[in-house]
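Novice: Next comes entry-v4.cif, mmCIF, C-alpha atoms and all ligand atoms:
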data_run
#
loop_
_atom_site.group_PDB
_atom_site.id
_atom_site.type_symbol
_atom_site.label_atom_id
_atom_site.label_comp_id
_atom_site.auth_asym_id
_atom_site.auth_seq_id
_atom_site.Cartn_x
_atom_site.Cartn_y
_atom_site.Cartn_z
ATOM 1 C CA MET G 1 3.426 -15.820 -18.146
ATOM 2 C CA ALA G 2 2.410 -19.207 -16.658
ATOM 3 C CA GLU G 3 4.477 -18.686 -13.493
ATOM 4 C CA LEU G 4 2.729 -15.402 -12.717
ATOM 5 C CA GLN G 5 -0.636 -17.097 -13.140
ATOM 6 C CA LYS G 6 0.506 -19.783 -10.656
ATOM 7 C CA ILE G 7 1.530 -17.085 -8.166
ATOM 8 C CA LYS G 8 -1.857 -15.429 -8.595
ATOM 9 C CA GLU G 9 -3.723 -18.690 -8.022
ATOM 10 C CA ALA G 10 -1.595 -19.619 -5.009
ATOM 11 C CA ILE G 11 -2.330 -16.232 -3.379
ATOM 12 C CA MET G 12 -6.036 -16.523 -4.087
ATOM 13 C CA GLY G 13 -5.991 -20.012 -2.583
ATOM 14 C CA GLY G 14 -4.150 -18.722 0.489
ATOM 15 C CA LYS G 15 -1.247 -21.141 -0.069
ATOM 16 C CA ARG G 16 1.422 -19.256 1.778
ATOM 17 C CA GLU G 17 4.275 -21.758 1.382
ATOM 18 C CA GLU G 18 3.547 -22.230 -2.302
ATOM 19 C CA VAL G 19 3.546 -18.452 -2.801
ATOM 20 C CA SER G 20 6.960 -18.206 -1.113
ATOM 21 C CA ARG G 21 8.320 -21.031 -3.232
ATOM 22 C CA LEU G 22 6.978 -19.639 -6.525
ATOM 23 C CA VAL G 23 8.013 -16.046 -5.835
ATOM 24 C CA GLN G 24 11.490 -17.159 -4.782
ATOM 25 C CA ALA G 25 11.769 -19.277 -7.945
ATOM 26 C CA ALA G 26 10.678 -16.345 -10.128
ATOM 27 C CA LEU G 27 13.201 -14.018 -8.460
ATOM 28 C CA THR G 28 15.975 -16.610 -8.801
ATOM 29 C CA ALA G 29 15.080 -16.994 -12.477
ATOM 30 C CA GLY G 30 15.663 -13.255 -12.849
ATOM 31 C CA ASP G 31 12.072 -12.030 -13.156
ATOM 32 C CA SER G 32 11.723 -8.408 -12.177
ATOM 33 C CA PRO G 33 10.048 -7.867 -8.783
ATOM 34 C CA VAL G 34 7.776 -5.230 -10.341
ATOM 35 C CA GLU G 35 6.633 -7.727 -12.965
ATOM 36 C CA ILE G 36 5.922 -10.337 -10.274
ATOM 37 C CA LEU G 37 3.920 -7.782 -8.309
ATOM 38 C CA GLU G 38 1.975 -6.346 -11.209
ATOM 39 C CA GLY G 39 1.532 -9.548 -13.188
ATOM 40 C CA GLY G 40 0.678 -11.966 -10.399
ATOM 41 C CA MET G 41 0.393 -10.647 -6.879
ATOM 42 C CA ILE G 42 -1.711 -7.471 -7.218
ATOM 43 C CA PRO G 43 -4.222 -9.017 -9.680
ATOM 44 C CA ALA G 44 -4.763 -11.839 -7.136
ATOM 45 C CA MET G 45 -5.902 -9.375 -4.484
ATOM 46 C CA ARG G 46 -8.075 -7.537 -7.008
ATOM 47 C CA GLU G 47 -9.802 -10.728 -8.018
ATOM 48 C CA ILE G 48 -10.347 -11.912 -4.455
ATOM 49 C CA GLY G 49 -11.939 -8.519 -3.713
ATOM 50 C CA ASP G 50 -14.288 -8.894 -6.676
ATOM 51 C CA LYS G 51 -15.256 -12.374 -5.477
ATOM 52 C CA PHE G 52 -15.913 -10.929 -2.017
ATOM 53 C CA SER G 53 -18.202 -8.312 -3.583
ATOM 54 C CA ARG G 54 -20.141 -11.096 -5.320
ATOM 55 C CA ASN G 55 -20.364 -13.127 -2.053
ATOM 56 C CA GLU G 56 -18.278 -15.873 -3.632
ATOM 57 C CA VAL G 57 -15.669 -15.679 -0.842
ATOM 58 C CA TYR G 58 -15.894 -14.375 2.724
ATOM 59 C CA VAL G 59 -13.618 -12.555 5.201
ATOM 60 C CA PRO G 60 -11.623 -15.680 6.246
ATOM 61 C CA GLN G 61 -10.655 -16.371 2.619
ATOM 62 C CA MET G 62 -9.673 -12.725 2.136
ATOM 63 C CA LEU G 63 -7.548 -12.990 5.254
ATOM 64 C CA ILE G 64 -5.679 -16.126 4.219
ATOM 65 C CA ALA G 65 -5.149 -14.642 0.757
ATOM 66 C CA ALA G 66 -3.752 -11.514 2.414
ATOM 67 C CA ARG G 67 -1.351 -13.622 4.510
ATOM 68 C CA ALA G 68 -0.166 -15.456 1.419
ATOM 69 C CA MET G 69 0.338 -12.072 -0.287
ATOM 70 C CA GLN G 70 2.406 -10.830 2.683
ATOM 71 C CA ALA G 71 4.627 -13.935 2.401
ATOM 72 C CA GLY G 72 5.355 -13.027 -1.225
ATOM 73 C CA LEU G 73 5.888 -9.357 -0.397
ATOM 74 C CA ALA G 74 8.489 -10.296 2.233
ATOM 75 C CA LEU G 75 10.598 -11.847 -0.547
ATOM 76 C CA VAL G 76 10.050 -9.096 -3.117
ATOM 77 C CA GLU G 77 10.779 -6.224 -0.724
ATOM 78 C CA PRO G 78 14.552 -6.723 -0.201
ATOM 79 C CA VAL G 79 15.102 -7.080 -3.952
ATOM 80 C CA LEU G 80 13.217 -3.866 -4.671
ATOM 81 C CA ALA G 81 14.995 -2.044 -1.873
ATOM 82 C CA GLN G 82 18.505 -2.726 -3.215
ATOM 83 C CA THR G 83 19.239 0.768 -4.397
ATOM 84 C CA GLY G 84 22.415 1.377 -2.403
ATOM 85 C CA HIS G 85 22.446 5.162 -2.421
ATOM 86 C CA GLN G 86 21.789 7.988 0.007
ATOM 87 C CA PRO G 87 18.114 8.405 0.914
ATOM 88 C CA LEU G 88 16.428 11.043 -1.255
ATOM 89 C CA GLY G 89 14.172 12.097 1.610
ATOM 90 C CA LYS G 90 12.260 10.750 4.581
ATOM 91 C CA LEU G 91 8.538 9.993 4.691
ATOM 92 C CA CYS G 92 6.144 8.348 7.081
ATOM 93 C CA ILE G 93 3.298 6.132 5.976
ATOM 94 C CA GLY G 94 0.294 4.631 7.713
ATOM 95 C CA THR G 95 -3.235 3.376 7.151
ATOM 96 C CA VAL G 96 -5.770 5.715 8.739
ATOM 97 C CA LYS G 97 -7.663 5.300 11.998
ATOM 98 C CA GLY G 98 -10.201 2.468 12.005
ATOM 99 C CA ASP G 99 -8.665 0.788 8.966
ATOM 100 C CA LEU G 100 -6.664 -2.431 9.205
ATOM 101 C CA HIS G 101 -5.855 -2.970 5.517
ATOM 102 C CA ASP G 102 -2.108 -2.858 5.052
ATOM 103 C CA ILE G 103 -1.174 -4.658 1.852
ATOM 104 C CA GLY G 104 -1.458 -1.589 -0.396
ATOM 105 C CA LYS G 105 0.253 0.584 2.205
ATOM 106 C CA ASN G 106 3.088 -1.950 2.447
ATOM 107 C CA LEU G 107 3.433 -1.952 -1.329
ATOM 108 C CA VAL G 108 3.626 1.828 -1.479
ATOM 109 C CA ALA G 109 6.273 1.742 1.280
ATOM 110 C CA ILE G 110 8.268 -0.919 -0.568
ATOM 111 C CA MET G 111 8.180 1.009 -3.854
ATOM 112 C CA LEU G 112 9.224 4.245 -2.125
ATOM 113 C CA LYS G 113 12.106 2.462 -0.403
ATOM 114 C CA GLY G 114 13.045 0.911 -3.740
ATOM 115 C CA ALA G 115 13.127 4.382 -5.277
ATOM 116 C CA GLY G 116 15.602 5.537 -2.605
ATOM 117 C CA TYR G 117 13.416 7.135 0.059
ATOM 118 C CA GLU G 118 13.637 6.410 3.764
ATOM 119 C CA VAL G 119 10.222 5.328 5.008
ATOM 120 C CA VAL G 120 8.939 5.223 8.582
ATOM 121 C CA ASP G 121 6.153 2.647 8.543
ATOM 122 C CA LEU G 122 3.597 3.526 11.211
ATOM 123 C CA GLY G 123 1.384 0.512 10.546
ATOM 124 C CA VAL G 124 -2.393 0.509 10.515
ATOM 125 C CA ASN G 125 -5.129 2.293 12.487
ATOM 126 C CA CYS G 126 -3.096 5.528 12.636
ATOM 127 C CA ASP G 127 -4.546 8.540 14.380
ATOM 128 C CA ILE G 128 -3.004 12.006 14.155
ATOM 129 C CA ASN G 129 -0.725 11.332 17.152
ATOM 130 C CA LYS G 130 0.690 8.306 15.370
ATOM 131 C CA TYR G 131 1.452 10.354 12.221
ATOM 132 C CA GLU G 132 3.056 12.962 14.519
ATOM 133 C CA GLU G 133 5.449 10.239 15.698
ATOM 134 C CA GLY G 134 6.630 9.864 12.109
ATOM 135 C CA ILE G 135 7.282 13.599 11.893
ATOM 136 C CA LYS G 136 9.217 13.457 15.179
ATOM 137 C CA GLN G 137 11.390 10.761 13.604
ATOM 138 C CA GLY G 138 12.363 13.219 10.867
ATOM 139 C CA ALA G 139 9.813 12.572 8.122
ATOM 140 C CA ASN G 140 8.639 15.623 6.225
ATOM 141 C CA VAL G 141 5.816 14.067 4.218
ATOM 142 C CA VAL G 142 2.858 12.066 5.569
ATOM 143 C CA VAL G 143 1.572 9.304 3.267
ATOM 144 C CA CYS G 144 -1.955 8.274 4.189
ATOM 145 C CA SER G 145 -3.723 5.125 2.994
ATOM 146 C CA ALA G 146 -7.419 4.186 3.359
ATOM 147 C CA LEU G 147 -9.320 1.221 1.935
ATOM 148 C CA LEU G 148 -12.743 1.790 3.409
ATOM 149 C CA THR G 149 -15.242 4.484 2.502
ATOM 150 C CA THR G 150 -15.923 4.748 6.248
ATOM 151 C CA THR G 151 -12.284 5.489 7.167
ATOM 152 C CA MET G 152 -11.445 7.731 4.192
ATOM 153 C CA PRO G 153 -13.034 10.858 5.792
ATOM 154 C CA TYR G 154 -10.405 10.779 8.574
ATOM 155 C CA MET G 155 -7.877 11.829 5.929
ATOM 156 C CA LYS G 156 -9.473 15.274 5.999
ATOM 157 C CA ASP G 157 -8.624 15.584 9.714
ATOM 158 C CA VAL G 158 -5.036 14.520 9.016
ATOM 159 C CA VAL G 159 -4.689 17.028 6.144
ATOM 160 C CA GLU G 160 -6.139 19.875 8.225
ATOM 161 C CA HIS G 161 -3.920 19.066 11.204
ATOM 162 C CA PHE G 162 -0.683 19.025 9.225
ATOM 163 C CA LYS G 163 -1.569 21.940 6.923
ATOM 164 C CA SER G 164 -1.254 24.338 9.868
ATOM 165 C CA LYS G 165 2.219 22.910 10.540
ATOM 166 C CA GLY G 166 3.462 23.108 6.963
ATOM 167 C CA VAL G 167 3.813 19.312 6.623
ATOM 168 C CA LYS G 168 2.723 17.835 3.291
ATOM 169 C CA VAL G 169 0.115 15.075 3.276
ATOM 170 C CA ILE G 170 -0.493 12.810 0.283
ATOM 171 C CA ILE G 171 -3.242 10.252 0.071
ATOM 172 C CA GLY G 172 -4.327 7.103 -1.731
ATOM 173 C CA GLY G 173 -6.158 3.806 -1.455
ATOM 174 C CA ALA G 174 -8.927 2.064 -3.390
ATOM 175 C CA PRO G 175 -11.847 4.427 -2.581
ATOM 176 C CA VAL G 176 -9.748 7.620 -2.796
ATOM 177 C CA THR G 177 -9.834 9.813 -5.917
ATOM 178 C CA GLN G 178 -8.047 12.902 -7.197
ATOM 179 C CA ASN G 179 -11.309 14.743 -6.793
ATOM 180 C CA TYR G 180 -11.499 13.785 -3.099
ATOM 181 C CA ALA G 181 -7.868 14.794 -2.587
ATOM 182 C CA ASP G 182 -8.602 18.228 -4.117
ATOM 183 C CA GLN G 183 -11.731 18.559 -2.023
ATOM 184 C CA ILE G 184 -9.901 18.024 1.307
ATOM 185 C CA GLY G 185 -6.830 20.030 0.246
ATOM 186 C CA ALA G 186 -4.334 17.140 0.242
ATOM 187 C CA ASP G 187 -0.931 17.859 -1.312
ATOM 188 C CA GLY G 188 -1.284 14.964 -3.730
ATOM 189 C CA TYR G 189 -3.009 11.754 -4.716
ATOM 190 C CA SER G 190 -1.926 8.708 -6.622
ATOM 191 C CA GLU G 191 -3.841 5.689 -7.760
ATOM 192 C CA ASP G 192 -1.125 3.116 -7.183
ATOM 193 C CA ALA G 193 2.297 2.486 -5.701
ATOM 194 C CA ASN G 194 4.234 3.486 -8.838
ATOM 195 C CA GLY G 195 2.252 6.700 -8.986
ATOM 196 C CA ALA G 196 3.099 7.348 -5.336
ATOM 197 C CA VAL G 197 6.813 7.301 -6.187
ATOM 198 C CA LYS G 198 6.320 9.776 -9.064
ATOM 199 C CA LEU G 199 4.183 11.964 -6.824
ATOM 200 C CA VAL G 200 6.808 12.061 -4.062
ATOM 201 C CA ASP G 201 9.549 12.740 -6.636
ATOM 202 C CA ARG G 202 7.556 15.747 -7.867
ATOM 203 C CA LEU G 203 6.666 16.939 -4.395
ATOM 204 C CA LEU G 204 10.266 16.829 -3.163
ATOM 205 C CA GLY G 205 11.672 18.186 -6.426
ATOM 206 C CA LYS G 206 13.572 15.013 -7.328
ATOM 207 C CA THR G 207 12.585 15.109 -11.001
ATOM 208 C CA ALA G 208 13.138 17.652 -13.708
HETATM 209 CO CO1 LIG P 301 -11.377 -5.727 3.257
HETATM 210 N N1 LIG P 301 -12.552 -4.599 2.201
HETATM 211 N N2 LIG P 301 -12.549 -5.504 4.810
HETATM 212 N N3 LIG P 301 -10.187 -6.954 4.154
HETATM 213 N N4 LIG P 301 -10.568 -6.001 1.596
HETATM 214 C C1 LIG P 301 -12.094 -4.232 0.853
HETATM 215 C C2 LIG P 301 -11.321 -2.926 0.883
HETATM 216 C C3 LIG P 301 -13.478 -4.121 0.072
HETATM 217 C C4 LIG P 301 -13.422 -3.169 -1.143
HETATM 218 C C5 LIG P 301 -13.949 -5.534 -0.350
HETATM 219 C C6 LIG P 301 -15.245 -5.499 -1.150
HETATM 220 O O1 LIG P 301 -16.294 -5.236 -0.599
HETATM 221 N N5 LIG P 301 -15.154 -5.755 -2.433
HETATM 222 C C7 LIG P 301 -14.424 -3.626 1.214
HETATM 223 C C8 LIG P 301 -14.534 -2.106 1.380
HETATM 224 C C9 LIG P 301 -15.868 -1.565 0.911
HETATM 225 C C10 LIG P 301 -15.932 -0.084 1.087
HETATM 226 O O2 LIG P 301 -15.505 0.502 2.031
HETATM 227 N N6 LIG P 301 -16.517 0.530 0.101
HETATM 228 C C11 LIG P 301 -13.817 -4.295 2.425
HETATM 229 C C12 LIG P 301 -14.503 -4.542 3.644
HETATM 230 C C13 LIG P 301 -15.997 -4.222 3.654
HETATM 231 C C14 LIG P 301 -13.858 -5.052 4.794
HETATM 232 C C15 LIG P 301 -14.476 -5.322 6.170
HETATM 233 C C16 LIG P 301 -15.424 -4.228 6.698
HETATM 234 C C17 LIG P 301 -15.160 -6.714 6.060
HETATM 235 C C18 LIG P 301 -15.905 -7.179 7.294
HETATM 236 O O3 LIG P 301 -15.305 -7.332 8.334
HETATM 237 N N7 LIG P 301 -17.174 -7.334 7.090
HETATM 238 C C19 LIG P 301 -13.214 -5.455 7.069
HETATM 239 C C20 LIG P 301 -12.740 -4.082 7.641
HETATM 240 C C21 LIG P 301 -11.611 -4.254 8.641
HETATM 241 C C22 LIG P 301 -10.980 -2.913 9.010
HETATM 242 O O4 LIG P 301 -10.119 -2.438 8.291
HETATM 243 N N8 LIG P 301 -11.454 -2.283 10.072
HETATM 244 C C23 LIG P 301 -12.226 -5.946 6.063
HETATM 245 C C24 LIG P 301 -11.190 -6.796 6.384
HETATM 246 C C25 LIG P 301 -10.278 -7.298 5.481
HETATM 247 C C26 LIG P 301 -9.232 -8.367 5.828
HETATM 248 C C27 LIG P 301 -8.623 -8.205 7.233
HETATM 249 C C28 LIG P 301 -9.878 -9.716 5.711
HETATM 250 C C29 LIG P 301 -8.214 -8.199 4.650
HETATM 251 C C30 LIG P 301 -7.063 -7.177 4.922
HETATM 252 C C31 LIG P 301 -5.779 -7.852 5.304
HETATM 253 C C32 LIG P 301 -4.618 -6.893 5.265
HETATM 254 O O5 LIG P 301 -4.608 -5.853 4.614
HETATM 255 N N9 LIG P 301 -3.592 -7.271 6.013
HETATM 256 C C33 LIG P 301 -9.093 -7.554 3.585
HETATM 257 C C34 LIG P 301 -8.780 -7.528 2.193
HETATM 258 C C35 LIG P 301 -7.589 -8.369 1.776
HETATM 259 C C36 LIG P 301 -9.520 -6.774 1.254
HETATM 260 C C37 LIG P 301 -9.388 -6.729 -0.283
HETATM 261 C C38 LIG P 301 -9.905 -8.043 -0.827
HETATM 262 C C39 LIG P 301 -8.006 -6.541 -0.853
HETATM 263 C C40 LIG P 301 -7.286 -5.294 -0.369
HETATM 264 C C41 LIG P 301 -5.882 -5.352 -0.902
HETATM 265 O O6 LIG P 301 -4.981 -5.770 -0.206
HETATM 266 N N10 LIG P 301 -5.713 -5.041 -2.202
HETATM 267 C C42 LIG P 301 -10.281 -5.466 -0.650
HETATM 268 C C43 LIG P 301 -10.925 -5.554 -2.019
HETATM 269 C C44 LIG P 301 -10.152 -4.759 -3.068
HETATM 270 O O7 LIG P 301 -9.409 -3.847 -2.772
HETATM 271 N N11 LIG P 301 -10.416 -5.077 -4.290
HETATM 272 C C45 LIG P 301 -11.107 -5.303 0.563
HETATM 273 C C46 LIG P 301 -4.446 -5.158 -2.887
HETATM 274 C C47 LIG P 301 -3.634 -3.889 -2.704
HETATM 275 C C48 LIG P 301 -2.338 -4.043 -3.479
HETATM 276 O O8 LIG P 301 -4.385 -2.830 -3.252
HETATM 277 O O9 LIG P 301 -4.835 -1.814 -0.980
HETATM 278 O O10 LIG P 301 -5.941 -0.879 -3.072
HETATM 279 P P1 LIG P 301 -4.772 -1.511 -2.426
HETATM 280 O O11 LIG P 301 -3.508 -0.584 -2.621
HETATM 281 C C49 LIG P 301 -3.122 -0.071 -3.879
HETATM 282 C C50 LIG P 301 -3.764 1.288 -4.206
HETATM 283 O O12 LIG P 301 -5.001 1.502 -3.572
HETATM 284 C C51 LIG P 301 -2.692 2.261 -3.850
HETATM 285 O O13 LIG P 301 -1.491 1.581 -4.113
HETATM 286 C C52 LIG P 301 -1.630 0.205 -3.773
HETATM 287 C C53 LIG P 301 -0.776 -0.620 -4.686
HETATM 288 O O14 LIG P 301 -0.836 -0.226 -6.010
HETATM 289 N N12 LIG P 301 -2.589 2.842 -2.516
HETATM 290 C C54 LIG P 301 -2.018 4.066 -2.356
HETATM 291 C C55 LIG P 301 -2.903 2.357 -1.291
HETATM 292 N N13 LIG P 301 -2.582 3.253 -0.345
HETATM 293 C C56 LIG P 301 -2.019 4.312 -0.976
HETATM 294 C C57 LIG P 301 -1.483 5.502 -0.471
HETATM 295 C C58 LIG P 301 -0.982 6.428 -1.394
HETATM 296 C C59 LIG P 301 -0.992 6.166 -2.770
HETATM 297 C C60 LIG P 301 -1.511 4.982 -3.281
HETATM 298 O O15 LIG P 301 -0.506 7.580 -0.899
HETATM 299 C C61 LIG P 301 -0.020 8.546 -1.756
#
Can you give me the file's structure in the form of structure tokens?
Specialist:
Amino acid sequence: MAELQKIKEAIMGGKREEVSRLVQAALTAGDSPVEILEGGMIPAMREIGDKFSRNEVYVPQMLIAARAMQAGLALVEPVLAQTGHQPLGKLCIGTVKGDLHDIGKNLVAIMLKGAGYEVVDLGVNCDINKYEEGIKQGANVVVCSALLTTTMPYMKDVVEHFKSKGVKVIIGGAPVTQNYADQIGADGYSEDANGAVKLVDRLLGKTA
């Protein structure tokens, strides 16, 4: 759809106000928030990452694209979250220590909220103490995100810490795989935000 392509281009160009305008227009026109995310917003971040890998863009461009993405997410989130029923369970989510990427983590949080879960968002650069704060606030599952191969190994520490306490830890993020999750003994892995919802549903027995 042409509008989704415009949203994608506006994010890649870091045009925050244009992203807000286009996303708002798409929502007003009745487009589904999931379609806007999957058809325009997420592909934009994928493509900017590929350009970064090929040295066609640099960190500042990634950063302004990320800010434009956040502006769109702020509009999509309330629409996705309108479920209006009792929370199915409570989780905490955070990006691991040393890692400042939060767009994917925010998306996972939004989708979980949209599916009816209460989510304590712990932000980025989370060490074990930070995840513990989420548990103290009543969460019974830790959702861990990592985008860097250098920060991913900290997930093993998180899994080991919470295993002894009987708290479930699930993991994800671009460099993470099912194989890695099995290797470190995580309670689950999913490739994307939709998968995270299905995973949590299974883990907490919310599906048949
Ligand atoms: Co960075 N960065 N970055 N970056 N960045 C990547 C990750 C990179 C792959 C780019 C590249 O080289 N092609 C690369 C990592 C290489 C590696 O480790 N192998 C990289 C690098 C190198 C860096 C720096 C080191 C660059 C530098 O400074 N030289 C630096 C590190 C800073 C730090 O964290 N300490 C850095 C900085 C940044 C910015 C600040 C500029 C910015 C982040 C802004 C922000 O997040 N607020 C940024 C960005 C934007 C990216 C890319 C372009 C996009 C990430 C993103 O938002 N994707 C990224 C390239 C890429 O991923 N293609 C890149 C969109 C998002 C929707 O996807 O986050 O994967 P994602 O989340 C998905 C799934 O992974 C999954 O669901 C989400 C939605 O479907 N998921 C989960 C995520 N968490 C989950 C948890 C779950 C389940 C699923 O739990 C169950």
Novice: Identify, counting all atoms listed in the file, the protein, DNA and RNA residues located within 7 Å of ligand LIG 301 (chain P), and give them as a ChimeraX atom specification.
Specialist: /G:42,45-50,52-53,59-60,62-63,65-67,98-105,107-108,143-150,170-175,188-194,196
Novice: One decimal, in Å: what's the spacing between CA of Ile36 in chain G and CA of Ala139 in chain G?
Specialist: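 Separating CA of Ile36 in chain G from CA of Ala139 in chain G is a distance of 29.6 Å.
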Novice: With distances taken over only C-alpha atoms, which residue among G:Ala25, G:Leu122, G:Ile93, G:Ala181 lies nearest Pro153 in chain G?
Specialist: G:Ala181
Novice: Mind telling me what the PyMOL selection byres (((chain G and resi 162) around 12) and not hetatm) catches here, as a list in words?
Specialist: Ile128, Asn129, Tyr131, Glu132, Ile135, Asn140, Val141, Val142, Val143, Cys144, Met155, Lys156, Asp157, Val158, Val159, Glu160, His161, Lys163, Ser164, Lys165, Gly166, Val167, Lys168, Val169, Ile170, Gly185, Ala186 and Asp187 of chain G
Novice: To one decimal in Å, tell me the separation between CA of Leu88 in chain G and CA of Gln24 in chain G.
Specialist: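 About the pair CA of Leu88 in chain G and CA of Gln24 in chain G: they are 28.8 Å apart.
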Novice: Which polymer residues, whether protein, DNA or RNA, lie within 8 Å of the coordinate (12.9, -3.3, 0.3) when you count only C-alpha atoms? List them as an mmCIF file with C-alpha atoms, in the frame of the given file, using the chain letters and numbers from the file.
Specialist:
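Wrote it out as result.cif, contents follow:
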data_model
loop_
_atom_site.group_PDB
_atom_site.id
_atom_site.type_symbol
_atom_site.label_atom_id
_atom_site.label_comp_id
_atom_site.auth_asym_id
_atom_site.auth_seq_id
_atom_site.Cartn_x
_atom_site.Cartn_y
_atom_site.Cartn_z
ATOM 1 C CA VAL G 76 10.050 -9.096 -3.117
ATOM 2 C CA GLU G 77 10.779 -6.224 -0.724
ATOM 3 C CA PRO G 78 14.552 -6.723 -0.201
ATOM 4 C CA VAL G 79 15.102 -7.080 -3.952
ATOM 5 C CA LEU G 80 13.217 -3.866 -4.671
ATOM 6 C CA ALA G 81 14.995 -2.044 -1.873
ATOM 7 C CA GLN G 82 18.505 -2.726 -3.215
ATOM 8 C CA ILE G 110 8.268 -0.919 -0.568
ATOM 9 C CA MET G 111 8.180 1.009 -3.854
ATOM 10 C CA LYS G 113 12.106 2.462 -0.403
ATOM 11 C CA GLY G 114 13.045 0.911 -3.740
#
Novice: Taking all atoms listed in the file into account, name the residue in G:Ile184, G:Val96, G:Val197, G:Met152 that is nearest to Asn125 in chain G.
Specialist: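 Closest to Asn125 in chain G of all the choices is G:Val96.
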Novice: Need to verify the contact set: Arg16 in chain G, 8 Å, all atoms listed in the file, exclusion of same-chain residues closer than 5 positions in sequence. Can you return it as a PyMOL selection string?
Specialist: chain G and resi 10-11+67-69+71-72
Novice: Quick one: distance from CA of Glu38 in chain G to CA of Val176 in chain G in Å, one decimal?
Specialist: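 Distance reported for this atom pair: 20.1 Å.
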Novice: When distances are computed from all atoms listed in the file, which of G:Ala74, G:Ala115, G:Ile64, G:Val124 shows the smallest separation from Lys15 in chain G?
Specialist: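 The closest residue to Lys15 in chain G is G:Ile64.
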Novice: Ranking G:Gly89, G:Gly116, G:Pro33, G:Gly138 by minimum distance to Leu73 in chain G and counting only C-alpha atoms, which one comes first?
Specialist: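 Under the stated criterion, the closest residue is G:Pro33.
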Novice: So, counting all atoms listed in the file, which residue among G:Gly39, G:Lys97, G:Asp31, G:Lys136 is closest to Thr151 in chain G?
Specialist: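 Residue with the minimum atom-to-atom distance to Thr151 in chain G: G:Lys97.
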Novice: Translate the PyMOL selection byres (((chain G and resi 22) around 9) and not hetatm) into a concrete residue list for this structure, as JSON, numbers by chain.
Specialist: {"G": [3, 4, 6, 7, 10, 17, 18, 19, 20, 21, 23, 24, 25, 26, 27, 72]}
Novice: Can you work out which one of G:Gly40, G:Glu118, G:Gly123, G:Tyr180 has the shortest atom-to-atom distance to Glu9 in chain G, counting all atoms listed in the file?
Specialist: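 For Glu9 in chain G, the nearest of the given residues is G:Gly40.
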